[in-house]
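The structure file coords.cif is reproduced below (mmCIF, N, CA and C atoms).
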data_input
loop_
_atom_site.label_atom_id
_atom_site.label_comp_id
_atom_site.auth_asym_id
_atom_site.auth_seq_id
_atom_site.Cartn_x
_atom_site.Cartn_y
_atom_site.Cartn_z
N MET I 491 -40.13 -1.49 8.07
CA MET I 491 -39.44 -1.31 9.33
C MET I 491 -39.77 0.10 9.84
N GLY I 492 -40.01 0.19 11.10
CA GLY I 492 -40.39 1.46 11.68
C GLY I 492 -39.22 2.42 11.83
N PHE I 493 -39.56 3.66 12.00
CA PHE I 493 -38.56 4.71 12.14
C PHE I 493 -37.69 4.47 13.37
N PHE I 494 -38.29 4.06 14.47
CA PHE I 494 -37.55 3.84 15.71
C PHE I 494 -36.52 2.72 15.54
N ILE I 495 -36.90 1.63 14.89
CA ILE I 495 -35.99 0.51 14.72
C ILE I 495 -34.83 0.90 13.80
N ARG I 496 -35.13 1.64 12.73
CA ARG I 496 -34.09 2.11 11.83
C ARG I 496 -33.10 3.03 12.55
N ALA I 497 -33.62 3.93 13.36
CA ALA I 497 -32.77 4.85 14.11
C ALA I 497 -31.91 4.08 15.11
N LEU I 498 -32.47 3.08 15.74
CA LEU I 498 -31.73 2.25 16.70
C LEU I 498 -30.61 1.49 16.00
N LEU I 499 -30.90 0.91 14.83
CA LEU I 499 -29.87 0.19 14.09
C LEU I 499 -28.75 1.12 13.62
N LEU I 500 -29.11 2.30 13.18
CA LEU I 500 -28.09 3.27 12.77
C LEU I 500 -27.22 3.70 13.95
N GLY I 501 -27.83 3.83 15.12
CA GLY I 501 -27.07 4.18 16.32
C GLY I 501 -26.07 3.09 16.69
N VAL I 502 -26.51 1.84 16.61
CA VAL I 502 -25.61 0.72 16.91
C VAL I 502 -24.48 0.67 15.89
N LEU I 503 -24.79 0.90 14.62
CA LEU I 503 -23.77 0.92 13.59
C LEU I 503 -22.77 2.05 13.82
N ALA I 504 -23.24 3.21 14.23
CA ALA I 504 -22.35 4.34 14.50
C ALA I 504 -21.43 4.04 15.68
N LEU I 505 -21.94 3.39 16.71
CA LEU I 505 -21.10 3.02 17.85
C LEU I 505 -20.03 2.00 17.45
N ALA I 506 -20.41 1.04 16.62
CA ALA I 506 -19.44 0.04 16.16
C ALA I 506 -18.36 0.69 15.32
N ALA I 507 -18.74 1.64 14.46
CA ALA I 507 -17.75 2.33 13.63
C ALA I 507 -16.82 3.20 14.46
N ALA I 508 -17.34 3.78 15.53
CA ALA I 508 -16.51 4.62 16.39
C ALA I 508 -15.50 3.79 17.19
N ALA I 509 -15.85 2.55 17.50
CA ALA I 509 -14.96 1.68 18.27
C ALA I 509 -13.90 1.02 17.40
N ALA I 510 -14.10 0.94 16.09
CA ALA I 510 -13.18 0.25 15.19
C ALA I 510 -11.78 0.85 15.15
N PRO I 511 -11.58 2.17 15.12
CA PRO I 511 -10.21 2.70 15.06
C PRO I 511 -9.37 2.33 16.29
N ASP I 512 -9.97 2.07 17.42
CA ASP I 512 -9.20 1.68 18.59
C ASP I 512 -8.51 0.35 18.39
N VAL I 513 -9.12 -0.55 17.64
CA VAL I 513 -8.53 -1.85 17.37
C VAL I 513 -7.31 -1.68 16.48
N ALA I 514 -7.37 -0.84 15.48
CA ALA I 514 -6.29 -0.67 14.53
C ALA I 514 -5.09 0.06 15.15
N SER I 515 -5.29 0.82 16.19
CA SER I 515 -4.18 1.57 16.78
C SER I 515 -3.19 0.68 17.53
N ALA I 516 -3.52 -0.59 17.74
CA ALA I 516 -2.63 -1.49 18.44
C ALA I 516 -1.53 -2.03 17.53
N GLN I 517 -1.61 -1.79 16.23
CA GLN I 517 -0.61 -2.28 15.30
C GLN I 517 0.67 -1.46 15.40
N GLY I 518 1.78 -2.09 15.03
CA GLY I 518 3.06 -1.41 15.05
C GLY I 518 3.23 -0.49 13.86
N ALA I 519 4.35 0.18 13.81
CA ALA I 519 4.64 1.10 12.72
C ALA I 519 4.83 0.32 11.42
N PHE I 520 4.33 0.86 10.33
CA PHE I 520 4.47 0.23 9.03
C PHE I 520 5.01 1.25 8.07
N PRO I 521 5.87 0.98 7.22
CA PRO I 521 6.63 -0.25 7.02
C PRO I 521 7.84 -0.30 7.94
N THR I 522 8.33 -1.49 8.19
CA THR I 522 9.46 -1.65 9.09
C THR I 522 10.76 -1.95 8.36
N ARG I 523 10.71 -2.06 7.05
CA ARG I 523 11.92 -2.29 6.26
C ARG I 523 11.79 -1.58 4.92
N GLN I 524 12.86 -1.63 4.13
CA GLN I 524 12.86 -0.89 2.88
C GLN I 524 11.80 -1.40 1.91
N ILE I 525 11.37 -0.52 1.03
CA ILE I 525 10.35 -0.83 0.04
C ILE I 525 11.01 -0.85 -1.33
N THR I 526 10.70 -1.87 -2.13
CA THR I 526 11.21 -1.94 -3.49
C THR I 526 10.06 -1.67 -4.44
N LEU I 527 10.22 -0.65 -5.25
CA LEU I 527 9.22 -0.26 -6.24
C LEU I 527 9.69 -0.80 -7.58
N VAL I 528 9.02 -1.85 -8.08
CA VAL I 528 9.40 -2.49 -9.34
C VAL I 528 8.71 -1.77 -10.48
N ILE I 529 9.51 -1.28 -11.43
CA ILE I 529 8.99 -0.57 -12.60
C ILE I 529 9.21 -1.45 -13.82
N PRO I 530 8.14 -1.91 -14.48
CA PRO I 530 8.31 -2.80 -15.64
C PRO I 530 8.63 -2.02 -16.92
N ALA I 531 9.63 -1.19 -16.87
CA ALA I 531 10.06 -0.41 -18.03
C ALA I 531 11.56 -0.16 -17.92
N ALA I 532 12.16 0.21 -19.04
CA ALA I 532 13.60 0.45 -19.06
C ALA I 532 13.97 1.71 -18.28
N ALA I 533 15.18 1.73 -17.78
CA ALA I 533 15.67 2.90 -17.04
C ALA I 533 15.89 4.07 -17.98
N GLY I 534 15.68 5.28 -17.47
CA GLY I 534 15.96 6.48 -18.22
C GLY I 534 14.78 7.05 -18.97
N GLY I 535 13.68 6.33 -19.02
CA GLY I 535 12.51 6.81 -19.75
C GLY I 535 11.60 7.64 -18.86
N PRO I 536 10.48 8.09 -19.41
CA PRO I 536 9.55 8.90 -18.63
C PRO I 536 8.92 8.14 -17.46
N THR I 537 8.69 6.85 -17.64
CA THR I 537 8.13 6.04 -16.55
C THR I 537 9.10 5.97 -15.39
N ASP I 538 10.37 5.80 -15.69
CA ASP I 538 11.41 5.74 -14.67
C ASP I 538 11.51 7.08 -13.92
N THR I 539 11.44 8.17 -14.65
CA THR I 539 11.53 9.50 -14.02
C THR I 539 10.38 9.72 -13.05
N ILE I 540 9.17 9.41 -13.47
CA ILE I 540 8.00 9.57 -12.59
C ILE I 540 8.11 8.64 -11.38
N ALA I 541 8.55 7.41 -11.61
CA ALA I 541 8.70 6.46 -10.50
C ALA I 541 9.70 6.96 -9.46
N ARG I 542 10.78 7.56 -9.91
CA ARG I 542 11.79 8.08 -8.97
C ARG I 542 11.26 9.27 -8.18
N LEU I 543 10.45 10.11 -8.82
CA LEU I 543 9.83 11.23 -8.10
C LEU I 543 8.84 10.71 -7.05
N ILE I 544 8.06 9.71 -7.42
CA ILE I 544 7.11 9.12 -6.47
C ILE I 544 7.85 8.43 -5.33
N ALA I 545 8.94 7.72 -5.65
CA ALA I 545 9.72 7.03 -4.62
C ALA I 545 10.32 8.02 -3.62
N GLU I 546 10.78 9.16 -4.12
CA GLU I 546 11.35 10.18 -3.23
C GLU I 546 10.28 10.70 -2.27
N SER I 547 9.10 10.96 -2.79
CA SER I 547 8.00 11.45 -1.95
C SER I 547 7.56 10.38 -0.94
N MET I 548 7.48 9.13 -1.39
CA MET I 548 7.11 8.03 -0.49
C MET I 548 8.13 7.89 0.63
N SER I 549 9.40 8.02 0.29
CA SER I 549 10.47 7.88 1.27
C SER I 549 10.36 8.94 2.37
N ARG I 550 10.07 10.17 1.96
CA ARG I 550 9.91 11.24 2.95
C ARG I 550 8.67 11.03 3.81
N THR I 551 7.58 10.61 3.19
CA THR I 551 6.32 10.44 3.92
C THR I 551 6.37 9.26 4.88
N LEU I 552 6.90 8.12 4.42
CA LEU I 552 6.90 6.91 5.23
C LEU I 552 8.10 6.79 6.16
N GLY I 553 9.16 7.53 5.87
CA GLY I 553 10.35 7.44 6.71
C GLY I 553 11.15 6.18 6.47
N GLN I 554 11.00 5.57 5.30
CA GLN I 554 11.74 4.36 4.94
C GLN I 554 12.40 4.56 3.60
N THR I 555 13.43 3.76 3.34
CA THR I 555 14.10 3.80 2.05
C THR I 555 13.22 3.15 0.99
N VAL I 556 13.07 3.82 -0.14
CA VAL I 556 12.31 3.27 -1.27
C VAL I 556 13.28 3.10 -2.43
N ILE I 557 13.45 1.86 -2.88
CA ILE I 557 14.37 1.54 -3.97
C ILE I 557 13.56 1.36 -5.24
N VAL I 558 13.99 2.02 -6.32
CA VAL I 558 13.36 1.86 -7.63
C VAL I 558 14.15 0.82 -8.41
N GLU I 559 13.47 -0.25 -8.81
CA GLU I 559 14.12 -1.32 -9.57
C GLU I 559 13.45 -1.42 -10.93
N ASN I 560 14.21 -1.13 -11.99
CA ASN I 560 13.69 -1.20 -13.35
C ASN I 560 13.89 -2.61 -13.89
N VAL I 561 12.80 -3.24 -14.29
CA VAL I 561 12.83 -4.59 -14.85
C VAL I 561 12.08 -4.53 -16.17
N GLY I 562 12.77 -4.11 -17.20
CA GLY I 562 12.14 -3.96 -18.50
C GLY I 562 12.20 -5.25 -19.30
N GLY I 563 11.37 -5.34 -20.31
CA GLY I 563 11.39 -6.48 -21.22
C GLY I 563 10.06 -7.20 -21.27
N ALA I 564 9.79 -7.79 -22.43
CA ALA I 564 8.59 -8.60 -22.68
C ALA I 564 7.31 -7.82 -22.41
N GLY I 565 7.32 -6.53 -22.73
CA GLY I 565 6.11 -5.73 -22.57
C GLY I 565 5.69 -5.57 -21.12
N GLY I 566 6.61 -5.66 -20.19
CA GLY I 566 6.30 -5.50 -18.77
C GLY I 566 6.02 -6.81 -18.06
N THR I 567 5.97 -7.90 -18.78
CA THR I 567 5.65 -9.20 -18.18
C THR I 567 6.72 -9.66 -17.20
N ILE I 568 7.98 -9.41 -17.50
CA ILE I 568 9.06 -9.84 -16.61
C ILE I 568 8.96 -9.12 -15.26
N GLY I 569 8.72 -7.83 -15.30
CA GLY I 569 8.57 -7.06 -14.06
C GLY I 569 7.36 -7.50 -13.25
N MET I 570 6.24 -7.74 -13.93
CA MET I 570 5.03 -8.18 -13.23
C MET I 570 5.21 -9.56 -12.63
N ALA I 571 5.94 -10.44 -13.33
CA ALA I 571 6.21 -11.78 -12.80
C ALA I 571 7.09 -11.71 -11.56
N ARG I 572 8.04 -10.78 -11.57
CA ARG I 572 8.91 -10.63 -10.39
C ARG I 572 8.11 -10.20 -9.17
N VAL I 573 7.17 -9.29 -9.37
CA VAL I 573 6.33 -8.85 -8.26
C VAL I 573 5.43 -9.99 -7.78
N ALA I 574 4.88 -10.75 -8.73
CA ALA I 574 3.99 -11.85 -8.37
C ALA I 574 4.71 -12.93 -7.57
N LYS I 575 5.99 -13.15 -7.85
CA LYS I 575 6.76 -14.18 -7.17
C LYS I 575 7.53 -13.67 -5.96
N ALA I 576 7.41 -12.38 -5.66
CA ALA I 576 8.15 -11.80 -4.54
C ALA I 576 7.69 -12.38 -3.22
N ALA I 577 8.62 -12.47 -2.29
CA ALA I 577 8.29 -12.94 -0.94
C ALA I 577 7.45 -11.89 -0.24
N ARG I 578 6.35 -12.32 0.37
CA ARG I 578 5.51 -11.40 1.10
C ARG I 578 6.03 -11.24 2.51
N SER I 579 5.80 -10.06 3.07
CA SER I 579 6.22 -9.83 4.45
C SER I 579 5.24 -10.50 5.40
N LYS I 580 5.63 -10.69 6.63
CA LYS I 580 4.76 -11.32 7.62
C LYS I 580 3.52 -10.47 7.90
N ALA I 581 3.61 -9.16 7.69
CA ALA I 581 2.48 -8.28 7.96
C ALA I 581 1.34 -8.47 6.98
N THR I 582 1.62 -8.95 5.75
CA THR I 582 0.58 -9.10 4.75
C THR I 582 0.05 -10.52 4.65
N ARG I 583 0.51 -11.42 5.45
CA ARG I 583 0.04 -12.82 5.38
C ARG I 583 -1.22 -13.00 6.17
#
Entire entry expressed as structure tokens:
Amino acid sequence: MGFFIRALLLGVLALAAAAAPDVASAQGAFPTRQITLVIPAAAGGPTDTIARLIAESMSRTLGQTVIVENVGGAGGTIGMARVAKAARSKATR
């Protein structure tokens, strides 16, 4: 492929990439409701402490309430199953 054709294709690609953010700006604010952070470990441990620190930071950054829910047991399987069966929001469908 010649240099001119390669440069032309790169130019078209750059224009398409520059136009893409305009499409995404039409979306509404996210998230629009509270966030539940499921921790597959018992409350009071180091995992819980770190999760609460992260939730506090997320809450300030996103402007939404972040709830930490500890679901310990079965090596984390119960917590992971709860997340897998959780209802998805309309925004992620």
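Residues in contact range of segment 561-572 of chain I, defined as at most 5 Å between only N, CA and C atoms, with sequence neighbours fewer than 4 positions away removed, read Ile529, Pro530, Ala531, Ala532 and Ala576 of chain I.
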Write out as a list in words all residues of segment 498-568 of chain I that DSSP puts in strand (DSSP E or B) for this structure's backbone. Ile525, Thr526, Leu527, Val528, Ile529, Val556, Ile557, Val558, Glu559 and Asn560 of chain I
Output file for the residues above (N, CA and C atoms, as a compact mmCIF listing (two decimals), in the coordinates of the input):
# COMPACT_ATOMS: atom_id res chain seq x y z
N ILE I 525 11.37 -0.52 1.03
CA ILE I 525 10.35 -0.83 0.04
C ILE I 525 11.01 -0.85 -1.33
N THR I 526 10.70 -1.87 -2.13
CA THR I 526 11.21 -1.94 -3.49
C THR I 526 10.06 -1.67 -4.44
N LEU I 527 10.22 -0.65 -5.25
CA LEU I 527 9.22 -0.26 -6.24
C LEU I 527 9.69 -0.80 -7.58
N VAL I 528 9.02 -1.85 -8.08
CA VAL I 528 9.40 -2.49 -9.34
C VAL I 528 8.71 -1.77 -10.48
N ILE I 529 9.51 -1.28 -11.43
CA ILE I 529 8.99 -0.57 -12.60
C ILE I 529 9.21 -1.45 -13.82
N VAL I 556 13.07 3.82 -0.14
CA VAL I 556 12.31 3.27 -1.27
C VAL I 556 13.28 3.10 -2.43
N ILE I 557 13.45 1.86 -2.88
CA ILE I 557 14.37 1.54 -3.97
C ILE I 557 13.56 1.36 -5.24
N VAL I 558 13.99 2.02 -6.32
CA VAL I 558 13.36 1.86 -7.63
C VAL I 558 14.15 0.82 -8.41
N GLU I 559 13.47 -0.25 -8.81
CA GLU I 559 14.12 -1.32 -9.57
C GLU I 559 13.45 -1.42 -10.93
N ASN I 560 14.21 -1.13 -11.99
CA ASN I 560 13.69 -1.20 -13.35
C ASN I 560 13.89 -2.61 -13.89
Interatomic distance between atom C of Gly553 of chain I and atom CA of Gly535 of chain I? 26.3 Å
Written as a tab-separated table (two decimals) with N, CA and C atoms, in the frame of the given file, what is the full residue list that the PyMOL selection byres (((chain I and resi 539-544 and name CA) around 12) and name CA) yields on the file shown?
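part.tsv written:
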chain	number	residue	atom	x	y	z
I	526	THR	N	10.70	-1.87	-2.13
I	526	THR	CA	11.21	-1.94	-3.49
I	526	THR	C	10.06	-1.67	-4.44
I	527	LEU	N	10.22	-0.65	-5.25
I	527	LEU	CA	9.22	-0.26	-6.24
I	527	LEU	C	9.69	-0.80	-7.58
I	528	VAL	N	9.02	-1.85	-8.08
I	528	VAL	CA	9.40	-2.49	-9.34
I	528	VAL	C	8.71	-1.77	-10.48
I	529	ILE	N	9.51	-1.28	-11.43
I	529	ILE	CA	8.99	-0.57	-12.60
I	529	ILE	C	9.21	-1.45	-13.82
I	530	PRO	N	8.14	-1.91	-14.48
I	530	PRO	CA	8.31	-2.80	-15.64
I	530	PRO	C	8.63	-2.02	-16.92
I	531	ALA	N	9.63	-1.19	-16.87
I	531	ALA	CA	10.06	-0.41	-18.03
I	531	ALA	C	11.56	-0.16	-17.92
I	532	ALA	N	12.16	0.21	-19.04
I	532	ALA	CA	13.60	0.45	-19.06
I	532	ALA	C	13.97	1.71	-18.28
I	533	ALA	N	15.18	1.73	-17.78
I	533	ALA	CA	15.67	2.90	-17.04
I	533	ALA	C	15.89	4.07	-17.98
I	534	GLY	N	15.68	5.28	-17.47
I	534	GLY	CA	15.96	6.48	-18.22
I	534	GLY	C	14.78	7.05	-18.97
I	535	GLY	N	13.68	6.33	-19.02
I	535	GLY	CA	12.51	6.81	-19.75
I	535	GLY	C	11.60	7.64	-18.86
I	536	PRO	N	10.48	8.09	-19.41
I	536	PRO	CA	9.55	8.90	-18.63
I	536	PRO	C	8.92	8.14	-17.46
I	537	THR	N	8.69	6.85	-17.64
I	537	THR	CA	8.13	6.04	-16.55
I	537	THR	C	9.10	5.97	-15.39
I	538	ASP	N	10.37	5.80	-15.69
I	538	ASP	CA	11.41	5.74	-14.67
I	538	ASP	C	11.51	7.08	-13.92
I	545	ALA	N	8.94	7.72	-5.65
I	545	ALA	CA	9.72	7.03	-4.62
I	545	ALA	C	10.32	8.02	-3.62
I	546	GLU	N	10.78	9.16	-4.12
I	546	GLU	CA	11.35	10.18	-3.23
I	546	GLU	C	10.28	10.70	-2.27
I	547	SER	N	9.10	10.96	-2.79
I	547	SER	CA	8.00	11.45	-1.95
I	547	SER	C	7.56	10.38	-0.94
I	548	MET	N	7.48	9.13	-1.39
I	548	MET	CA	7.11	8.03	-0.49
I	548	MET	C	8.13	7.89	0.63
I	549	SER	N	9.40	8.02	0.29
I	549	SER	CA	10.47	7.88	1.27
I	549	SER	C	10.36	8.94	2.37
I	550	ARG	N	10.07	10.17	1.96
I	550	ARG	CA	9.91	11.24	2.95
I	550	ARG	C	8.67	11.03	3.81
I	551	THR	N	7.58	10.61	3.19
I	551	THR	CA	6.32	10.44	3.92
I	551	THR	C	6.37	9.26	4.88
I	552	LEU	N	6.90	8.12	4.42
I	552	LEU	CA	6.90	6.91	5.23
I	552	LEU	C	8.10	6.79	6.16
I	556	VAL	N	13.07	3.82	-0.14
I	556	VAL	CA	12.31	3.27	-1.27
I	556	VAL	C	13.28	3.10	-2.43
I	557	ILE	N	13.45	1.86	-2.88
I	557	ILE	CA	14.37	1.54	-3.97
I	557	ILE	C	13.56	1.36	-5.24
I	558	VAL	N	13.99	2.02	-6.32
I	558	VAL	CA	13.36	1.86	-7.63
I	558	VAL	C	14.15	0.82	-8.41
I	559	GLU	N	13.47	-0.25	-8.81
I	559	GLU	CA	14.12	-1.32	-9.57
I	559	GLU	C	13.45	-1.42	-10.93
I	560	ASN	N	14.21	-1.13	-11.99
I	560	ASN	CA	13.69	-1.20	-13.35
I	560	ASN	C	13.89	-2.61	-13.89
